[in-house]
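Below: the structure, in structure tokens.
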Amino acid sequence: MKRNSVLAMLVFFVFISILGVVYYKNQTGKIAGTSTEQPVVQQVSGIILPHHNLAEELILSSFEKIKGEPYEYIVIFGPNHFVPESPTFVSADQIEHYPLATNIIGKMRETFPDVEVSNSLVEKEHSIMLHLPSLQTYFPHAKIIPLVISPRYQRQDLREKINFLDATLPKNTLYIASVDFSHNMMLLEAMKKNEESIKVIQNFDYQTLLSFQDDHTDSPVSLTLLLMAMEQRKKTHWETWVSSHGALLTGDQTVQGTSYVIGVFW
């Protein structure tokens with residue numbers, strides 16, 4: 001009897017997993033959870049991207065959609081995974097092989113003494129470093145401003161930093177939030193969390209966003225900075241390009257993994 005119960009539970013689990021795959025395949029048209037939208041006509045001013053190697057194909061296909069855009073500067077916000085007790089903003093003024101906007105970073109430090117420069121910290125931070133080779137390939141003439149963001153912040157301070165960047169940088173600047181979404185979750189639950197996150201992002205709901213934990217995203221502050229920049233620049237039209245999960249990317253429905261959202265503002 002006990003054996004039959006275990007077998008029934010196993011069959012139920014497999015059935016639910018298959019339903020999840022079928023549902024999200026129908027929703028997106030692709031097993032990986034990617035959207036089928038055409039490349040955007042207007043210039044993208046902000047983009048949310050994962051920083052997980054598993055999502056590399058999704059990241060590269062997103063860059064393909066905006067390649068050729070004449071971005072002069074690229075600001076990339078990413079979470080401080082390894083030294084979260086650091087100041088809220090940590091940047092770098094030298095990373096070998098990559099063109100950093102040292103003039104802007106220097107002005108930012110002069111204006112805000114709490115901004116720290118640590119080349120070694122940034123070079124170890126995959127939320128930044130994962131994207132630098134692609135940024136150099138797709139936008140070879142752009143200068144990069146890497147900003148590693150800790151969860152220690154004051155909202156007014158975030159606004160002041162964004163006001164500075166907006167006043168200092170030209171309109172043809174791309175802002176990137178390098179962020180992963182739900183962590184250590186099964187497919188269906190994680191995709192529901194993605195839907196909640198997308199709604200909050202679309203609505204510029206800062207209060208809810210900043211209350212999120214790892215079950216939604218690993219860096220609400222990085223996302224908040226992106227939203228503030230887009231609001232400041234009046235680039236508030238959002239398009240979701242990807243909503244996916246490790247189970248979809250690997251084809252293994254037993255994966256208790258990370259989810260991903262890719263989308264743009266213009």
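Every chain in the structure tokens takes a letter, A first, then B, and so on in the order presented; its residues are numbered from 1, and the ligands are numbered from 1 following the presented order.
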> Do you know which residues are at most 8 Å from Asn184 in chain A counting only C-alpha atoms, after dropping those on the same chain fewer than 2 positions away, and could you put them as a PyMOL selection string?
Replying inline: chain A and resi 182+186+215+256-258
>> Would you pick out the contacts of His141 in chain A at 7 Å or less, using only C-alpha atoms, so that residues sharing its chain but fewer than 2 positions from it are not included, and give the list as a PyMOL selection string?
In response: chain A and resi 72+139+143
>> Applying 10 Å and only C-alpha atoms, which residues near His52 in chain A remain after dropping the ones on its own chain fewer than 6 positions away? List them as a PyMOL selection string.
In response: chain A and resi 59+126-127+130+178-180+246+258-260
Show me, as a PDB file with N, CA and C atoms, in the first residue's frame, the residues that have an atom within 8 Å of Val122 in chain A when counting only C-alpha atoms, minus same-chain residues fewer than 3 positions from it.
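Saved the output as out10.pdb:
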```pdb
ATOM      1  N   VAL A  90      30.158  50.889  -5.105  1.00  0.00           N
ATOM      2  CA  VAL A  90      31.578  50.610  -5.312  1.00  0.00           C
ATOM      3  C   VAL A  90      31.821  50.554  -6.816  1.00  0.00           C
ATOM      4  N   SER A  91      32.841  51.266  -7.275  1.00  0.00           N
ATOM      5  CA  SER A  91      33.155  51.275  -8.697  1.00  0.00           C
ATOM      6  C   SER A  91      34.616  50.879  -8.894  1.00  0.00           C
ATOM      7  N   ALA A  92      35.077  50.996 -10.122  1.00  0.00           N
ATOM      8  CA  ALA A  92      36.471  50.698 -10.469  1.00  0.00           C
ATOM      9  C   ALA A  92      36.957  51.771 -11.420  1.00  0.00           C
ATOM     10  N   SER A 118      37.223  50.237  -5.842  1.00  0.00           N
ATOM     11  CA  SER A 118      37.956  49.014  -5.512  1.00  0.00           C
ATOM     12  C   SER A 118      38.005  48.145  -6.760  1.00  0.00           C
ATOM     13  N   ASN A 119      39.104  48.236  -7.481  1.00  0.00           N
ATOM     14  CA  ASN A 119      39.246  47.445  -8.705  1.00  0.00           C
ATOM     15  C   ASN A 119      39.150  45.952  -8.415  1.00  0.00           C
ATOM     16  N   GLU A 125      33.428  40.488  -9.064  1.00  0.00           N
ATOM     17  CA  GLU A 125      31.966  40.511  -9.024  1.00  0.00           C
ATOM     18  C   GLU A 125      31.370  40.105 -10.371  1.00  0.00           C
ATOM     19  N   ILE A 128      28.957  42.132 -12.687  1.00  0.00           N
ATOM     20  CA  ILE A 128      29.558  43.116 -13.597  1.00  0.00           C
ATOM     21  C   ILE A 128      30.385  42.413 -14.672  1.00  0.00           C
ATOM     22  N   MET A 129      31.292  41.564 -14.238  1.00  0.00           N
ATOM     23  CA  MET A 129      32.297  41.010 -15.148  1.00  0.00           C
ATOM     24  C   MET A 129      31.702  40.091 -16.218  1.00  0.00           C
ATOM     25  N   PRO A 146      30.963  50.817 -14.181  1.00  0.00           N
ATOM     26  CA  PRO A 146      30.475  49.705 -13.359  1.00  0.00           C
ATOM     27  C   PRO A 146      30.161  50.189 -11.948  1.00  0.00           C
ATOM     28  N   VAL A 148      28.845  48.513  -8.375  1.00  0.00           N
ATOM     29  CA  VAL A 148      28.459  47.367  -7.550  1.00  0.00           C
ATOM     30  C   VAL A 148      27.660  47.917  -6.368  1.00  0.00           C
TER      31      VAL A 148
END
```
Output as a Markdown table one row per residue of range 164-219 of chain A within 12 Å of range 230-236 of chain A: the closest atom pair and its distance in Å to one decimal place, counting only C-alpha atoms, sorted by chain and residue number ascending.
```
| residue | atom | partner | partner_atom | distance |
| --- | --- | --- | --- | --- |
| A:Phe164 | CA | A:Gln232 | CA | 10.8 |
| A:Leu165 | CA | A:Gln232 | CA | 10.1 |
| A:Asp166 | CA | A:Gln232 | CA | 7.3 |
| A:Ala167 | CA | A:Gln232 | CA | 9.8 |
| A:Leu169 | CA | A:Arg233 | CA | 11.0 |
| A:Pro170 | CA | A:Arg233 | CA | 10.6 |
| A:Lys171 | CA | A:Arg233 | CA | 8.2 |
| A:Asn172 | CA | A:Arg233 | CA | 10.9 |
| A:Thr173 | CA | A:Arg233 | CA | 10.4 |
| A:Leu174 | CA | A:Met230 | CA | 10.1 |
| A:Tyr175 | CA | A:Met230 | CA | 8.4 |
| A:Ile176 | CA | A:Met230 | CA | 10.7 |
| A:Ala177 | CA | A:Met230 | CA | 11.5 |
| A:Ile201 | CA | A:Thr236 | CA | 10.0 |
| A:Gln202 | CA | A:Thr236 | CA | 8.1 |
| A:Asn203 | CA | A:Thr236 | CA | 9.2 |
| A:Phe204 | CA | A:Glu231 | CA | 8.4 |
| A:Asp205 | CA | A:Glu231 | CA | 11.7 |
| A:Tyr206 | CA | A:Glu231 | CA | 11.5 |
```
Selection to disk with N, CA, C and O atoms, as an mmCIF file, in the first residue's frame:
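And here's result_7.cif as it stands now:
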```
data_model
loop_
_atom_site.group_PDB
_atom_site.id
_atom_site.type_symbol
_atom_site.label_atom_id
_atom_site.label_comp_id
_atom_site.auth_asym_id
_atom_site.auth_seq_id
_atom_site.Cartn_x
_atom_site.Cartn_y
_atom_site.Cartn_z
ATOM 1 N N PHE A 164 22.739 62.819 -10.411
ATOM 2 C CA PHE A 164 24.089 63.146 -10.868
ATOM 3 C C PHE A 164 24.375 62.491 -12.222
ATOM 4 O O PHE A 164 24.858 63.142 -13.157
ATOM 5 N N LEU A 165 24.092 61.199 -12.325
ATOM 6 C CA LEU A 165 24.364 60.501 -13.582
ATOM 7 C C LEU A 165 23.543 61.086 -14.723
ATOM 8 O O LEU A 165 24.052 61.270 -15.835
ATOM 9 N N ASP A 166 22.290 61.398 -14.444
ATOM 10 C CA ASP A 166 21.425 61.953 -15.485
ATOM 11 C C ASP A 166 21.926 63.312 -15.968
ATOM 12 O O ASP A 166 21.893 63.607 -17.159
ATOM 13 N N ALA A 167 22.393 64.124 -15.015
ATOM 14 C CA ALA A 167 22.874 65.467 -15.378
ATOM 15 C C ALA A 167 24.232 65.419 -16.070
ATOM 16 O O ALA A 167 24.575 66.336 -16.825
ATOM 17 N N LEU A 169 25.640 62.531 -17.842
ATOM 18 C CA LEU A 169 25.767 61.653 -19.008
ATOM 19 C C LEU A 169 24.846 62.090 -20.141
ATOM 20 O O LEU A 169 23.763 62.631 -19.898
ATOM 21 N N PRO A 170 25.242 61.849 -21.388
ATOM 22 C CA PRO A 170 24.410 62.225 -22.536
ATOM 23 C C PRO A 170 23.189 61.320 -22.664
ATOM 24 O O PRO A 170 23.075 60.289 -21.994
ATOM 25 N N LYS A 171 22.299 61.702 -23.536
ATOM 26 C CA LYS A 171 21.064 60.947 -23.717
ATOM 27 C C LYS A 171 21.318 59.554 -24.289
ATOM 28 O O LYS A 171 20.551 58.633 -24.025
ATOM 29 N N ASN A 172 22.357 59.407 -25.078
ATOM 30 C CA ASN A 172 22.629 58.091 -25.668
ATOM 31 C C ASN A 172 23.455 57.233 -24.700
ATOM 32 O O ASN A 172 24.524 56.723 -25.035
ATOM 33 N N THR A 173 22.948 57.102 -23.489
ATOM 34 C CA THR A 173 23.544 56.256 -22.454
ATOM 35 C C THR A 173 22.631 55.065 -22.218
ATOM 36 O O THR A 173 21.410 55.214 -22.143
ATOM 37 N N LEU A 174 23.200 53.885 -22.111
ATOM 38 C CA LEU A 174 22.447 52.676 -21.795
ATOM 39 C C LEU A 174 22.647 52.336 -20.324
ATOM 40 O O LEU A 174 23.779 52.282 -19.836
ATOM 41 N N TYR A 175 21.546 52.107 -19.614
ATOM 42 C CA TYR A 175 21.594 51.667 -18.224
ATOM 43 C C TYR A 175 21.222 50.184 -18.165
ATOM 44 O O TYR A 175 20.212 49.772 -18.750
ATOM 45 N N ILE A 176 22.017 49.424 -17.435
ATOM 46 C CA ILE A 176 21.779 47.982 -17.288
ATOM 47 C C ILE A 176 21.631 47.646 -15.810
ATOM 48 O O ILE A 176 22.459 48.059 -14.993
ATOM 49 N N ALA A 177 20.593 46.886 -15.471
ATOM 50 C CA ALA A 177 20.497 46.265 -14.150
ATOM 51 C C ALA A 177 20.817 44.788 -14.339
ATOM 52 O O ALA A 177 20.055 44.058 -14.989
ATOM 53 N N ILE A 201 7.797 46.226 -11.534
ATOM 54 C CA ILE A 201 8.720 46.989 -12.381
ATOM 55 C C ILE A 201 7.940 47.893 -13.336
ATOM 56 O O ILE A 201 8.250 49.078 -13.483
ATOM 57 N N GLN A 202 6.934 47.341 -13.987
ATOM 58 C CA GLN A 202 6.116 48.122 -14.924
ATOM 59 C C GLN A 202 5.470 49.330 -14.254
ATOM 60 O O GLN A 202 5.336 50.393 -14.857
ATOM 61 N N ASN A 203 5.068 49.143 -13.010
ATOM 62 C CA ASN A 203 4.344 50.189 -12.292
ATOM 63 C C ASN A 203 5.255 51.143 -11.521
ATOM 64 O O ASN A 203 4.764 52.042 -10.834
ATOM 65 N N PHE A 204 6.566 50.943 -11.606
ATOM 66 C CA PHE A 204 7.519 51.766 -10.852
ATOM 67 C C PHE A 204 7.122 51.815 -9.364
ATOM 68 O O PHE A 204 7.154 52.864 -8.730
ATOM 69 N N ASP A 205 6.792 50.650 -8.845
ATOM 70 C CA ASP A 205 6.336 50.515 -7.460
ATOM 71 C C ASP A 205 7.559 50.322 -6.553
ATOM 72 O O ASP A 205 7.920 49.195 -6.197
ATOM 73 N N TYR A 206 8.196 51.423 -6.202
ATOM 74 C CA TYR A 206 9.446 51.365 -5.434
ATOM 75 C C TYR A 206 9.256 50.717 -4.064
ATOM 76 O O TYR A 206 10.111 49.955 -3.601
#
```
> Which is closest to Pro220 in chain A among A:Pro84, A:Pro113, A:Pro151, A:Gly68, if we use only C-alpha atoms?
Replying inline: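 Looking at the shortest contact to Pro220 in chain A, the residue is A:Pro151.
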> Which of range 57-256 of chain A counts as strand (DSSP E) under DSSP, as a PyMOL selection string please?
Replying inline: chain A and resi 73-79+89-91+116-117+143-149+173-178+238-245
>> Please return, as a PyMOL selection string, all residues of range 35-74 of chain A that DSSP assigns to helix (DSSP H, G or I) on the basis of the backbone.
In response: chain A and resi 53-66
>> What does the structure give for the distance between CA of Ala229 in chain A and CA of Trp266 in chain A, in Å to one decimal?
In response: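 So the answer is 11.6 Å.
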>> Give me the residues near Leu209 in chain A as a PyMOL selection string, where near means some atom within 10 Å (using only C-alpha atoms) and where sequence neighbours in that chain fewer than 2 positions away do not count.
In response: chain A and resi 196-197+200-201+204-207+211-213+216-217+219-221+223-224
Who sits within 12 Å of Lys161 in chain A, only C-alpha atoms, same chain under 4 positions skipped, as a tab-separated table (two decimals) with N, CA, C and O atoms, in the first residue's frame:
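Written file, result_4.tsv:
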```tsv
chain	number	residue	atom	x	y	z
A	88	THR	N	27.35	51.51	-0.25
A	88	THR	CA	26.30	51.18	-1.22
A	88	THR	C	26.85	51.15	-2.65
A	88	THR	O	26.52	50.25	-3.43
A	89	PHE	N	27.71	52.10	-3.00
A	89	PHE	CA	28.26	52.19	-4.36
A	89	PHE	C	29.75	51.91	-4.35
A	89	PHE	O	30.52	52.62	-3.69
A	105	ILE	N	33.62	58.55	-13.41
A	105	ILE	CA	33.80	57.90	-12.11
A	105	ILE	C	34.54	58.83	-11.15
A	105	ILE	O	34.19	58.93	-9.97
A	107	LYS	N	34.53	62.18	-11.26
A	107	LYS	CA	33.60	63.25	-10.87
A	107	LYS	C	32.59	62.74	-9.83
A	107	LYS	O	32.21	63.47	-8.91
A	108	MET	N	32.19	61.50	-9.99
A	108	MET	CA	31.23	60.94	-9.04
A	108	MET	C	31.85	60.83	-7.65
A	108	MET	O	31.20	61.14	-6.64
A	109	ARG	N	33.11	60.44	-7.59
A	109	ARG	CA	33.80	60.34	-6.30
A	109	ARG	C	33.99	61.72	-5.66
A	109	ARG	O	33.88	61.88	-4.45
A	111	THR	N	32.03	64.27	-6.08
A	111	THR	CA	30.71	64.74	-5.64
A	111	THR	C	30.19	63.95	-4.45
A	111	THR	O	29.56	64.51	-3.54
A	112	PHE	N	30.49	62.65	-4.44
A	112	PHE	CA	29.99	61.76	-3.37
A	112	PHE	C	31.17	61.00	-2.77
A	112	PHE	O	31.55	59.94	-3.28
A	113	PRO	N	31.76	61.50	-1.69
A	113	PRO	CA	32.93	60.84	-1.09
A	113	PRO	C	32.65	59.42	-0.60
A	113	PRO	O	33.59	58.65	-0.39
A	114	ASP	N	31.37	59.06	-0.44
A	114	ASP	CA	31.04	57.71	0.03
A	114	ASP	C	31.15	56.67	-1.09
A	114	ASP	O	31.07	55.46	-0.81
A	115	VAL	N	31.30	57.11	-2.33
A	115	VAL	CA	31.51	56.17	-3.43
A	115	VAL	C	32.93	55.63	-3.35
A	115	VAL	O	33.89	56.39	-3.39
A	147	LEU	N	29.00	49.81	-11.43
A	147	LEU	CA	28.60	50.19	-10.08
A	147	LEU	C	28.07	48.96	-9.35
A	147	LEU	O	27.01	48.43	-9.70
A	149	ILE	N	26.47	47.37	-6.16
A	149	ILE	CA	25.52	47.96	-5.22
A	149	ILE	C	25.28	47.01	-4.05
A	149	ILE	O	24.88	45.86	-4.23
A	153	TYR	N	21.54	51.15	2.00
A	153	TYR	CA	21.21	52.34	1.21
A	153	TYR	C	20.22	53.21	1.97
A	153	TYR	O	19.54	52.77	2.90
A	154	GLN	N	20.14	54.47	1.52
A	154	GLN	CA	19.05	55.37	1.88
A	154	GLN	C	18.43	55.82	0.57
A	154	GLN	O	19.14	56.17	-0.38
A	155	ARG	N	17.13	55.81	0.52
A	155	ARG	CA	16.45	56.06	-0.76
A	155	ARG	C	16.82	57.42	-1.35
A	155	ARG	O	17.01	57.55	-2.56
A	156	GLN	N	16.94	58.44	-0.50
A	156	GLN	CA	17.30	59.77	-0.99
A	156	GLN	C	18.69	59.75	-1.61
A	156	GLN	O	18.96	60.44	-2.61
A	157	ASP	N	19.59	58.93	-1.03
A	157	ASP	CA	20.94	58.82	-1.56
A	157	ASP	C	20.92	58.20	-2.96
A	157	ASP	O	21.64	58.64	-3.86
A	165	LEU	N	24.09	61.20	-12.33
A	165	LEU	CA	24.36	60.50	-13.58
A	165	LEU	C	23.54	61.09	-14.72
A	165	LEU	O	24.05	61.27	-15.84
A	166	ASP	N	22.29	61.40	-14.44
A	166	ASP	CA	21.43	61.95	-15.49
A	166	ASP	C	21.93	63.31	-15.97
A	166	ASP	O	21.89	63.61	-17.16
A	167	ALA	N	22.39	64.12	-15.01
A	167	ALA	CA	22.87	65.47	-15.38
A	167	ALA	C	24.23	65.42	-16.07
A	167	ALA	O	24.57	66.34	-16.82
A	168	THR	N	25.00	64.37	-15.84
A	168	THR	CA	26.38	64.28	-16.33
A	168	THR	C	26.48	63.54	-17.66
A	168	THR	O	27.31	63.89	-18.51
A	224	THR	N	15.90	49.26	-8.51
A	224	THR	CA	15.39	50.59	-8.14
A	224	THR	C	16.19	51.69	-8.83
A	224	THR	O	15.62	52.66	-9.34
A	225	LEU	N	17.50	51.55	-8.86
A	225	LEU	CA	18.34	52.54	-9.52
A	225	LEU	C	18.01	52.63	-11.01
A	225	LEU	O	17.95	53.73	-11.58
A	226	LEU	N	17.80	51.48	-11.64
A	226	LEU	CA	17.43	51.49	-13.06
A	226	LEU	C	16.10	52.21	-13.26
A	226	LEU	O	15.96	53.05	-14.16
A	228	MET	N	14.69	54.46	-11.35
A	228	MET	CA	14.87	55.90	-11.11
A	228	MET	C	15.49	56.59	-12.32
A	228	MET	O	15.09	57.69	-12.70
A	229	ALA	N	16.48	55.92	-12.92
A	229	ALA	CA	17.14	56.50	-14.10
A	229	ALA	C	16.15	56.62	-15.26
A	229	ALA	O	16.13	57.63	-15.98
A	232	GLN	N	13.68	59.40	-14.54
A	232	GLN	CA	14.32	60.69	-14.70
A	232	GLN	C	14.42	61.07	-16.18
A	232	GLN	O	14.26	62.23	-16.55
```
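Between CA of Asn53 in chain A and CA of Glu195 in chain A lies a distance of 22.4 Å.
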> Skipping near chain neighbours, those fewer than 3 positions away, what residues fall within 10 Å of Pro140 in chain A using only C-alpha atoms, listed as an NGL selection string?
Replying inline: :A and (68 or 70-72 or 98-99 or 133-137 or 143)
Expected file: the selected residues, N, CA and C atoms, as a tab-separated table (two decimals), in the first residue's frame:
```
chain	number	residue	atom	x	y	z
A	68	GLY	N	24.45	47.77	-32.45
A	68	GLY	CA	24.52	48.86	-33.43
A	68	GLY	C	24.03	50.18	-32.90
A	70	PRO	N	24.18	53.59	-30.99
A	70	PRO	CA	25.38	54.41	-30.76
A	70	PRO	C	25.49	54.88	-29.30
A	71	TYR	N	25.55	53.94	-28.37
A	71	TYR	CA	25.68	54.32	-26.97
A	71	TYR	C	27.09	54.88	-26.71
A	72	GLU	N	27.12	56.03	-26.07
A	72	GLU	CA	28.40	56.64	-25.72
A	72	GLU	C	28.89	56.15	-24.37
A	98	TYR	N	39.27	46.68	-20.64
A	98	TYR	CA	37.94	47.26	-20.78
A	98	TYR	C	37.98	48.77	-20.59
A	99	PRO	N	37.28	49.51	-21.47
A	99	PRO	CA	37.32	50.98	-21.45
A	99	PRO	C	36.34	51.56	-20.42
A	133	PRO	N	32.72	41.40	-21.52
A	133	PRO	CA	33.13	40.97	-22.87
A	133	PRO	C	32.07	41.24	-23.93
A	134	SER	N	30.81	41.01	-23.61
A	134	SER	CA	29.74	41.26	-24.58
A	134	SER	C	29.57	42.75	-24.85
A	135	LEU	N	29.68	43.56	-23.81
A	135	LEU	CA	29.56	45.01	-24.01
A	135	LEU	C	30.66	45.52	-24.93
A	136	GLN	N	31.85	44.99	-24.76
A	136	GLN	CA	32.96	45.41	-25.61
A	136	GLN	C	32.74	44.95	-27.05
A	137	THR	N	32.16	43.77	-27.22
A	137	THR	CA	31.90	43.24	-28.56
A	137	THR	C	30.79	44.00	-29.28
A	143	LYS	N	32.00	53.85	-23.34
A	143	LYS	CA	32.73	53.85	-22.07
A	143	LYS	C	31.80	53.28	-20.99
```
